[in-house]
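Enquirer: Structure file model_0.pdb (PDB, C-alpha atoms) is given on the next line.
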```pdb
ATOM      1  CA  MET A   1     145.935 113.936 121.262
ATOM      2  CA  LEU A   2     145.297 114.512 117.556
ATOM      3  CA  MET A   3     146.429 110.973 116.789
ATOM      4  CA  ILE A   4     143.927 109.590 119.319
ATOM      5  CA  VAL A   5     141.063 111.579 117.742
ATOM      6  CA  ASN A   6     142.020 110.408 114.252
ATOM      7  CA  GLN A   7     142.232 106.833 115.514
ATOM      8  CA  ASP A   8     138.722 107.101 116.986
ATOM      9  CA  LYS A   9     137.354 108.495 113.699
ATOM     10  CA  TYR A  10     139.045 105.712 111.757
ATOM     11  CA  GLU A  11     137.587 103.030 114.044
ATOM     12  CA  SER A  12     134.115 104.628 113.831
ATOM     13  CA  LEU A  13     134.286 104.681 110.027
ATOM     14  CA  LEU A  14     135.502 101.088 110.007
ATOM     15  CA  ASN A  15     132.603 100.019 112.226
ATOM     16  CA  GLN A  16     130.117 101.775 109.936
ATOM     17  CA  GLN A  17     131.560  99.983 106.918
ATOM     18  CA  LYS A  18     131.303  96.667 108.743
ATOM     19  CA  CYS A  19     127.651  97.357 109.598
ATOM     20  CA  LEU A  20     126.875  98.198 105.984
ATOM     21  CA  TRP A  21     128.661  95.048 104.852
ATOM     22  CA  TYR A  22     126.765  92.886 107.351
ATOM     23  CA  ARG A  23     123.447  94.389 106.196
ATOM     24  CA  PHE A  24     124.322  93.679 102.580
ATOM     25  CA  ILE A  25     125.259  90.082 103.391
ATOM     26  CA  SER A  26     122.027  89.568 105.368
ATOM     27  CA  LYS A  27     119.898  90.901 102.495
ATOM     28  CA  VAL A  28     121.689  88.639 100.014
ATOM     29  CA  LEU A  29     121.147  85.632 102.284
ATOM     30  CA  ILE A  30     117.435  86.451 102.641
ATOM     31  CA  LEU A  31     117.126  86.734  98.855
ATOM     32  CA  LEU A  32     118.895  83.405  98.386
ATOM     33  CA  ILE A  33     116.573  81.741 100.906
ATOM     34  CA  ILE A  34     113.524  83.086  99.050
ATOM     35  CA  ILE A  35     114.876  81.812  95.724
ATOM     36  CA  ILE A  36     115.649  78.388  97.187
ATOM     37  CA  ILE A  37     112.150  78.145  98.684
ATOM     38  CA  SER A  38     110.652  79.126  95.335
ATOM     39  CA  PHE A  39     112.628  76.456  93.499
ATOM     40  CA  VAL A  40     112.505  73.593  95.986
ATOM     41  CA  VAL A  41     109.337  73.969  98.045
ATOM     42  CA  VAL A  42     106.805  76.048  96.156
ATOM     43  CA  GLY A  43     107.994  75.399  92.625
ATOM     44  CA  LEU A  44     107.097  78.895  91.441
ATOM     45  CA  LEU A  45     110.223  79.318  89.341
ATOM     46  CA  ASP A  46     109.916  76.329  87.042
ATOM     47  CA  GLY A  47     112.673  76.769  84.453
ATOM     48  CA  LYS A  48     111.249  74.204  82.045
ATOM     49  CA  ARG A  49     107.783  75.742  82.023
ATOM     50  CA  LEU A  50     109.241  79.225  81.655
ATOM     51  CA  SER A  51     111.367  78.167  78.680
ATOM     52  CA  GLU A  52     108.326  76.581  77.044
ATOM     53  CA  GLY A  53     106.102  79.573  77.775
ATOM     54  CA  ILE A  54     108.404  82.324  76.509
ATOM     55  CA  PRO A  55     107.874  81.491  72.791
ATOM     56  CA  ASP A  56     104.102  81.405  73.346
ATOM     57  CA  LEU A  57     104.298  84.773  75.082
ATOM     58  CA  ILE A  58     106.268  86.262  72.198
ATOM     59  CA  GLU A  59     103.723  84.858  69.745
ATOM     60  CA  MET A  60     100.846  86.351  71.752
ATOM     61  CA  ILE A  61     102.532  89.761  71.842
ATOM     62  CA  ALA A  62     102.959  89.579  68.062
ATOM     63  CA  GLU A  63      99.234  88.815  67.693
ATOM     64  CA  MET A  64      98.401  91.859  69.839
ATOM     65  CA  LEU A  65     100.030  94.221  67.339
ATOM     66  CA  PRO A  66      98.861  96.597  66.034
ATOM     67  CA  PRO A  67      96.290  97.622  68.668
ATOM     68  CA  ASP A  68      92.703  97.731  67.423
ATOM     69  CA  PHE A  69      90.879 100.917  68.522
ATOM     70  CA  THR A  70      87.796 100.455  66.312
ATOM     71  CA  ARG A  71      85.524  99.970  69.355
ATOM     72  CA  ILE A  72      86.987 102.780  71.444
ATOM     73  CA  SER A  73      83.657 104.634  71.525
ATOM     74  CA  ASP A  74      82.100 101.577  73.203
ATOM     75  CA  TRP A  75      84.686 101.718  75.987
ATOM     76  CA  ILE A  76      83.791 105.199  77.241
ATOM     77  CA  LYS A  77      80.912 104.031  79.445
ATOM     78  CA  PRO A  78      82.885 101.110  80.980
ATOM     79  CA  LEU A  79      85.713 103.534  81.740
ATOM     80  CA  ILE A  80      83.294 105.920  83.435
ATOM     81  CA  ASP A  81      81.807 102.967  85.345
ATOM     82  CA  THR A  82      85.285 101.935  86.514
ATOM     83  CA  LEU A  83      86.096 105.478  87.649
ATOM     84  CA  ALA A  84      82.733 105.822  89.412
ATOM     85  CA  MET A  85      83.202 102.419  91.041
ATOM     86  CA  SER A  86      86.560 103.447  92.505
ATOM     87  CA  ILE A  87      85.234 106.795  93.764
ATOM     88  CA  ALA A  88      82.085 105.277  95.299
ATOM     89  CA  GLY A  89      84.045 102.436  96.920
ATOM     90  CA  THR A  90      86.556 104.871  98.411
ATOM     91  CA  GLY A  91      83.806 107.189  99.653
ATOM     92  CA  MET A  92      81.987 104.271 101.241
ATOM     93  CA  ALA A  93      85.210 103.183 102.955
ATOM     94  CA  VAL A  94      85.919 106.652 104.394
ATOM     95  CA  ILE A  95      82.358 107.078 105.693
ATOM     96  CA  PHE A  96      82.357 103.745 107.541
ATOM     97  CA  SER A  97      86.046 103.690 108.489
ATOM     98  CA  PHE A  98      86.151 106.840 110.599
ATOM     99  CA  PRO A  99      83.601 105.820 113.267
ATOM    100  CA  ILE A 100      85.114 102.315 113.396
ATOM    101  CA  ALA A 101      88.588 103.868 113.721
ATOM    102  CA  LEU A 102      87.407 105.915 116.692
ATOM    103  CA  GLY A 103      86.427 102.669 118.392
ATOM    104  CA  ALA A 104      89.671 100.978 117.317
ATOM    105  CA  ALA A 105      91.942 103.710 118.727
ATOM    106  CA  GLN A 106      92.922 103.319 122.373
ATOM    107  CA  ASN A 107      92.683 107.039 123.169
ATOM    108  CA  THR A 108      89.118 107.458 121.798
ATOM    109  CA  THR A 109      87.393 104.122 122.338
ATOM    110  CA  PRO A 110      84.743 104.327 125.088
ATOM    111  CA  HIS A 111      85.171 100.709 126.218
ATOM    112  CA  PRO A 112      87.723  97.854 125.797
ATOM    113  CA  CYS A 113      85.003  95.598 124.366
ATOM    114  CA  LEU A 114      84.268  98.147 121.643
ATOM    115  CA  TYR A 115      88.014  98.403 120.966
ATOM    116  CA  PHE A 116      88.259  94.637 120.501
ATOM    117  CA  LEU A 117      85.123  94.547 118.330
ATOM    118  CA  SER A 118      86.323  97.416 116.115
ATOM    119  CA  ARG A 119      89.741  95.854 115.651
ATOM    120  CA  THR A 120      88.111  92.521 114.771
ATOM    121  CA  ILE A 121      85.923  94.176 112.127
ATOM    122  CA  LEU A 122      88.952  95.880 110.567
ATOM    123  CA  ASN A 123      90.930  92.628 110.559
ATOM    124  CA  ILE A 124      88.102  90.674 108.911
ATOM    125  CA  ALA A 125      87.519  93.345 106.254
ATOM    126  CA  ARG A 126      91.234  93.548 105.527
ATOM    127  CA  ALA A 127      91.740  89.794 105.368
ATOM    128  CA  ILE A 128      89.277  89.061 102.536
ATOM    129  CA  PRO A 129      90.656  89.996  99.071
ATOM    130  CA  GLU A 130      88.637  92.238  96.757
ATOM    131  CA  LEU A 131      88.400  89.520  94.113
ATOM    132  CA  LEU A 132      86.777  87.059  96.519
ATOM    133  CA  LEU A 133      84.458  89.784  97.789
ATOM    134  CA  GLY A 134      83.573  90.588  94.190
ATOM    135  CA  ILE A 135      82.564  86.965  93.552
ATOM    136  CA  ILE A 136      80.450  86.937  96.727
ATOM    137  CA  PHE A 137      78.665  90.205  95.947
ATOM    138  CA  VAL A 138      78.107  89.273  92.284
ATOM    139  CA  ALA A 139      76.388  86.104  93.494
ATOM    140  CA  ALA A 140      74.361  88.167  95.983
ATOM    141  CA  VAL A 141      73.264  91.225  93.949
ATOM    142  CA  GLY A 142      74.021  90.236  90.350
ATOM    143  CA  PHE A 143      76.332  91.618  87.678
ATOM    144  CA  GLY A 144      77.209  95.282  87.294
ATOM    145  CA  ALA A 145      79.033  98.052  89.120
ATOM    146  CA  LEU A 146      77.203  97.604  92.441
ATOM    147  CA  PRO A 147      79.043  94.425  93.523
ATOM    148  CA  GLY A 148      82.306  96.124  92.544
ATOM    149  CA  VAL A 149      81.535  99.127  94.742
ATOM    150  CA  LEU A 150      80.581  96.880  97.665
ATOM    151  CA  ALA A 151      83.731  94.749  97.272
ATOM    152  CA  LEU A 152      86.040  97.765  97.070
ATOM    153  CA  GLY A 153      84.278  99.538  99.923
ATOM    154  CA  PHE A 154      84.230  96.559 102.284
ATOM    155  CA  HIS A 155      87.894  95.701 101.764
ATOM    156  CA  SER A 156      88.935  99.353 101.926
ATOM    157  CA  VAL A 157      87.211  99.736 105.301
ATOM    158  CA  GLY A 158      89.754  97.341 106.760
ATOM    159  CA  MET A 159      92.791  99.105 105.300
ATOM    160  CA  VAL A 160      91.623 102.706 105.623
ATOM    161  CA  GLY A 161      90.199 102.146 109.104
ATOM    162  CA  LYS A 162      93.509 100.726 110.329
ATOM    163  CA  PHE A 163      95.427 103.781 109.076
ATOM    164  CA  PHE A 164      92.821 106.126 110.561
ATOM    165  CA  ALA A 165      93.012 104.381 113.949
ATOM    166  CA  GLU A 166      96.802 104.561 114.014
ATOM    167  CA  SER A 167      96.697 108.265 113.109
ATOM    168  CA  ILE A 168      94.225 108.917 115.934
ATOM    169  CA  GLU A 169      96.402 107.029 118.427
ATOM    170  CA  HIS A 170      99.439 109.158 117.480
ATOM    171  CA  THR A 171      97.702 112.509 118.046
ATOM    172  CA  ASP A 172      99.173 115.019 120.473
ATOM    173  CA  ASN A 173      97.518 114.642 123.874
ATOM    174  CA  ALA A 174      97.870 118.327 124.868
ATOM    175  CA  PRO A 175      94.863 119.642 122.849
ATOM    176  CA  ILE A 176      92.765 116.760 124.186
ATOM    177  CA  GLU A 177      93.653 117.564 127.786
ATOM    178  CA  ALA A 178      92.956 121.257 127.166
ATOM    179  CA  ALA A 179      89.499 120.438 125.784
ATOM    180  CA  LYS A 180      88.770 118.226 128.796
ATOM    181  CA  ALA A 181      89.883 121.000 131.138
ATOM    182  CA  VAL A 182      87.252 123.402 129.774
ATOM    183  CA  GLY A 183      84.509 120.782 130.118
ATOM    184  CA  ALA A 184      84.211 119.549 126.511
ATOM    185  CA  ASN A 185      82.308 116.316 125.993
ATOM    186  CA  ARG A 186      83.628 113.332 124.015
ATOM    187  CA  LEU A 187      82.117 114.462 120.695
ATOM    188  CA  GLN A 188      83.520 117.984 121.059
ATOM    189  CA  ILE A 189      86.952 116.584 121.873
ATOM    190  CA  ILE A 190      86.880 114.459 118.714
ATOM    191  CA  PHE A 191      85.820 117.311 116.411
ATOM    192  CA  HIS A 192      87.897 120.121 117.943
ATOM    193  CA  SER A 193      91.017 118.383 119.284
ATOM    194  CA  ILE A 194      91.503 115.121 117.364
ATOM    195  CA  LEU A 195      90.026 115.679 113.914
ATOM    196  CA  PRO A 196      92.131 118.780 113.069
ATOM    197  CA  GLN A 197      95.285 116.778 113.850
ATOM    198  CA  VAL A 198      94.417 113.718 111.770
ATOM    199  CA  LEU A 199      92.723 115.470 108.829
ATOM    200  CA  PRO A 200      95.922 115.670 106.689
ATOM    201  CA  GLN A 201      96.597 111.939 107.230
ATOM    202  CA  ILE A 202      92.955 111.119 106.448
ATOM    203  CA  ALA A 203      93.120 113.049 103.170
ATOM    204  CA  ASP A 204      96.448 111.464 102.262
ATOM    205  CA  VAL A 205      95.223 107.919 102.908
ATOM    206  CA  THR A 206      91.953 108.608 101.074
ATOM    207  CA  PHE A 207      93.671 109.700  97.864
ATOM    208  CA  TYR A 208      96.135 106.812  97.977
ATOM    209  CA  ARG A 209      93.259 104.393  98.473
ATOM    210  CA  TRP A 210      91.325 105.903  95.567
ATOM    211  CA  GLU A 211      94.302 105.345  93.268
ATOM    212  CA  TYR A 212      94.561 101.748  94.476
ATOM    213  CA  ASN A 213      90.814 101.134  94.129
ATOM    214  CA  PHE A 214      90.846 102.306  90.520
ATOM    215  CA  ARG A 215      93.421  99.653  89.668
ATOM    216  CA  ALA A 216      91.612  97.041  91.786
ATOM    217  CA  SER A 217      88.316  97.777  89.999
ATOM    218  CA  LEU A 218      89.925  96.611  86.758
ATOM    219  CA  VAL A 219      90.485  93.158  88.257
ATOM    220  CA  LEU A 220      86.937  93.006  89.607
ATOM    221  CA  GLY A 221      85.654  93.169  86.042
ATOM    222  CA  ALA A 222      86.954  89.616  85.624
ATOM    223  CA  VAL A 223      84.242  88.327  87.972
ATOM    224  CA  GLY A 224      81.402  90.290  86.406
ATOM    225  CA  ALA A 225      81.597  93.527  88.387
ATOM    226  CA  GLY A 226      81.441  95.591  85.203
ATOM    227  CA  GLY A 227      83.753  98.336  84.048
ATOM    228  CA  ILE A 228      86.620  98.229  81.600
ATOM    229  CA  GLY A 229      87.986  95.066  83.222
ATOM    230  CA  PHE A 230      84.906  93.197  81.996
ATOM    231  CA  GLU A 231      85.678  94.368  78.447
ATOM    232  CA  ILE A 232      89.271  93.103  78.719
ATOM    233  CA  ILE A 233      88.150  89.671  79.907
ATOM    234  CA  GLY A 234      85.551  89.493  77.123
ATOM    235  CA  ALA A 235      88.141  90.327  74.463
ATOM    236  CA  LEU A 236      90.539  87.722  75.895
ATOM    237  CA  ARG A 237      87.889  85.009  75.810
ATOM    238  CA  LEU A 238      87.142  85.803  72.161
ATOM    239  CA  LEU A 239      90.895  85.773  71.374
ATOM    240  CA  LYS A 240      90.755  89.381  70.141
ATOM    241  CA  TYR A 241      94.331  90.111  71.154
ATOM    242  CA  GLN A 242      94.629  93.331  69.124
ATOM    243  CA  GLU A 243      91.600  94.672  70.960
ATOM    244  CA  VAL A 244      93.128  93.551  74.262
ATOM    245  CA  SER A 245      96.300  95.535  73.569
ATOM    246  CA  ALA A 246      94.225  98.615  72.738
ATOM    247  CA  LEU A 247      92.269  98.217  75.972
ATOM    248  CA  LEU A 248      95.487  97.850  77.953
ATOM    249  CA  LEU A 249      96.821 101.075  76.443
ATOM    250  CA  VAL A 250      93.594 102.884  77.340
ATOM    251  CA  VAL A 251      93.838 101.521  80.883
ATOM    252  CA  LEU A 252      97.476 102.637  81.122
ATOM    253  CA  VAL A 253      96.489 106.176  80.143
ATOM    254  CA  MET A 254      93.616 106.196  82.654
ATOM    255  CA  VAL A 255      95.777 104.865  85.514
ATOM    256  CA  THR A 256      98.391 107.532  84.775
ATOM    257  CA  LEU A 257      95.730 110.259  84.763
ATOM    258  CA  VAL A 258      94.202 109.023  88.035
ATOM    259  CA  ASP A 259      97.616 108.839  89.727
ATOM    260  CA  SER A 260      98.515 112.340  88.487
ATOM    261  CA  LEU A 261      95.167 113.727  89.639
ATOM    262  CA  GLY A 262      95.575 112.081  93.037
ATOM    263  CA  ASN A 263      99.061 113.556  93.464
ATOM    264  CA  TYR A 264      97.792 117.001  92.430
ATOM    265  CA  LEU A 265      94.868 116.913  94.863
ATOM    266  CA  ARG A 266      97.114 115.706  97.694
ATOM    267  CA  LYS A 267      99.466 118.651  97.189
ATOM    268  CA  LYS A 268      96.576 121.109  97.057
ATOM    269  CA  ILE A 269      94.593 119.823 100.022
ATOM    270  CA  ILE A 270      97.212 118.521 102.449
TER     271      ILE A 270
END
```
Please lay out the structure from this file as structure tokens.

Expert:
Amino acid sequence: MLMIVNQDKYESLLNQQKCLWYRFISKVLILLIIIIISFVVVGLLDGKRLSEGIPDLIEMIAEMLPPDFTRISDWIKPLIDTLAMSIAGTGMAVIFSFPIALGAAQNTTPHPCLYFLSRTILNIARAIPELLLGIIFVAAVGFGALPGVLALGFHSVGMVGKFFAESIEHTDNAPIEAAKAVGANRLQIIFHSILPQVLPQIADVTFYRWEYNFRASLVLGAVGAGGIGFEIIGALRLLKYQEVSALLLVVLVMVTLVDSLGNYLRKKII
């Protein structure tokens, strides 16, 4: 009997090892397919161009040293603008995302047509990149932080709203049924049965999106949306590489601080 049990354990362990081996082989094959597509079809990994560009990259890095912080006092306002842009864009996204998410969740939408419309809005907002939105809003309202806020907010509505809708759909149905049993209307059910369940997920997604929007706001500066990204692009165009390296170090410090603050607030609130 003991020999049979040991044999079963041995076969189970052998099967687990085979599964792990098959998974490893499948991942390697997928990676090889991606590399082959990059080389043959897309041409992203051009060895000749990379070999020619590496010396230029090394030369550029040498020109960026030492970093030039002489204009650091002039970067305070753009940094504040970038931070404000990310906060305003995230706040705008949360305000507009929640009502859309209620329409995009199957257990809270009042009508299938509203469900389809809400999902379509989220898909459209999510499909357009921030950079393209930044170009559109700069052309519409001019240069400055406003087009950056609008671009971040509009794109974030699509992402944040999708996460909110999925959180609402995964709520426990028991509190909802209890609220219905005592005669609560739809608005009371949302605020007393659904919102308390999804509030931790909403806070979590909001802080993650704020961290992302701060980094995205740096890129939007390239299209005239203001902030520290605009300063980096200006220094690059004037070939002030030492100033660029200083700006990149300042950005690195700011991104680290924002990520740390976001993690701290998540632990305190959630």

Enquirer: Extract, using only C-alpha atoms, all DNA, RNA and protein residues at most 7 Å from stretch 232-234 of chain A, discarding same-chain residues fewer than 4 positions from it, and format them as a list in words.

Expert: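 Here the answer would be Ala222, Ile228, Leu238, Val244 and Leu247 of chain A.
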
Enquirer: Within 7 Å of A:Ser156, counting all atoms listed in the file, which residues qualify if same-chain residues fewer than 3 places away don't, as JSON, numbers by chain?

Expert: {"A": [90, 93, 152, 153, 159, 160]}

Enquirer: I want to know what sits within 9 Å of stretch 135-137 of chain A, based on only C-alpha atoms, with residues of the same chain fewer than 3 positions away left out; could you give that as number ranges by chain?

Expert: A: 130-132, 140-143, 146-148, 150-151, 220, 223-225

Enquirer: In Å, how far is it from atom CA of A:Gln242 to atom CA of A:Asp68?

Expert: 5.1 Å

Enquirer: Excluding stretch 165-170 of chain A and residues on its chain fewer than 4 positions from it, collect all residues at most 12 Å away from it, counting all atoms listed in the file, and give them as a VMD selection string.

Expert: chain A and resid 97 to 109 115 118 to 119 122 157 to 161 174 176 190 to 191 193 to 205

Enquirer: Quick one: residues within 6 Å of stretch 216-218 of chain A, all atoms listed in the file counted, chain neighbours fewer than 3 positions away excluded, as a ChimeraX atom specification?

Expert: /A:213,221,229

Enquirer: In Å to one decimal, how far is atom CA of A:Asn173 from atom CA of A:Arg209?

Expert: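 Pair atom CA of A:Arg209 / atom CA of A:Asn173 returns 27.7 Å.
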
Enquirer: Between A:Phe69, A:Phe96, A:Phe230, A:Phe163, which is the closest to A:Ala145 once you count all atoms listed in the file?

Expert: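 When distances to A:Ala145 are compared using all atoms listed in the file, the smallest one comes from A:Phe230.
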
Enquirer: Would you work out the distance separating atom CA of A:Leu265 from atom CA of A:Ala88, expressed in Å to one decimal?

Expert: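 Atom CA of A:Ala88 lies at a distance of 17.3 Å from atom CA of A:Leu265.
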
Enquirer: Using only C-alpha atoms, which of A:His111, A:Arg186, A:His192, A:Arg71 sits nearest A:Ala246?

Expert: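 Counting only C-alpha atoms, the residue closest to A:Ala246 is A:Arg71.
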
Enquirer: Residues of stretch 35-140 of chain A that approach stretch 248-263 of chain A to 10 Å or less, counting all atoms listed in the file: could you list each one with the shortest pair of atoms and its distance in Å to one decimal, rows by chain and increasing residue number, as a Markdown table?

Expert:
```
| residue | atom | partner | partner_atom | distance |
| --- | --- | --- | --- | --- |
| A:Pro67 | CA | A:Leu249 | CA | 8.5 |
| A:Phe69 | CA | A:Val250 | CA | 9.4 |
| A:Ile72 | CA | A:Val250 | CA | 8.9 |
| A:Trp75 | CA | A:Val250 | CA | 9.1 |
| A:Leu79 | CA | A:Met254 | CA | 8.4 |
| A:Leu83 | CA | A:Val258 | CA | 8.9 |
```

Enquirer: Could you tell me which of A:Glu177, A:Leu236, A:Ile58, A:Gly144 comes closest to A:Pro78 if we count all atoms listed in the file?

Expert: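 Using all atoms listed in the file, A:Pro78 sits closest to A:Gly144.
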
Enquirer: Between A:Tyr241, A:Ala179, A:Asp81, A:Ile25, which residue has the minimum interatomic distance to A:Pro66, considering only C-alpha atoms?

Expert: A:Tyr241

Enquirer: Write out N, CA and C atoms for stretch 80-96 of chain A, as a compact mmCIF listing (two decimals), in the frame of the given file.

Expert:
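For reference, rebuild_35.txt as written:
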```
# COMPACT_ATOMS: atom_id res chain seq x y z
N ILE A 80 83.99 105.07 82.46
CA ILE A 80 83.29 105.92 83.44
C ILE A 80 82.79 105.07 84.60
N ASP A 81 82.27 103.87 84.28
CA ASP A 81 81.81 102.97 85.34
C ASP A 81 82.95 102.58 86.28
N THR A 82 84.12 102.31 85.70
CA THR A 82 85.28 101.94 86.51
C THR A 82 85.70 103.08 87.41
N LEU A 83 85.73 104.31 86.86
CA LEU A 83 86.10 105.48 87.65
C LEU A 83 85.08 105.72 88.75
N ALA A 84 83.79 105.62 88.41
CA ALA A 84 82.73 105.82 89.41
C ALA A 84 82.79 104.75 90.49
N MET A 85 83.10 103.52 90.09
CA MET A 85 83.20 102.42 91.04
C MET A 85 84.30 102.69 92.07
N SER A 86 85.44 103.18 91.59
CA SER A 86 86.56 103.45 92.50
C SER A 86 86.24 104.60 93.44
N ILE A 87 85.58 105.64 92.92
CA ILE A 87 85.23 106.80 93.76
C ILE A 87 84.19 106.40 94.80
N ALA A 88 83.15 105.68 94.36
CA ALA A 88 82.08 105.28 95.30
C ALA A 88 82.62 104.32 96.36
N GLY A 89 83.47 103.37 95.96
CA GLY A 89 84.04 102.44 96.92
C GLY A 89 84.92 103.14 97.94
N THR A 90 85.70 104.12 97.49
CA THR A 90 86.56 104.87 98.41
C THR A 90 85.72 105.73 99.35
N GLY A 91 84.68 106.39 98.80
CA GLY A 91 83.81 107.19 99.65
C GLY A 91 83.10 106.36 100.71
N MET A 92 82.63 105.19 100.30
CA MET A 92 81.99 104.27 101.24
C MET A 92 82.96 103.87 102.35
N ALA A 93 84.21 103.60 101.97
CA ALA A 93 85.21 103.18 102.96
C ALA A 93 85.48 104.29 103.96
N VAL A 94 85.62 105.53 103.49
CA VAL A 94 85.92 106.65 104.39
C VAL A 94 84.77 106.88 105.37
N ILE A 95 83.53 106.82 104.85
CA ILE A 95 82.36 107.08 105.69
C ILE A 95 82.26 106.06 106.84
N PHE A 96 82.49 104.78 106.52
CA PHE A 96 82.36 103.74 107.54
C PHE A 96 83.63 103.57 108.36
```
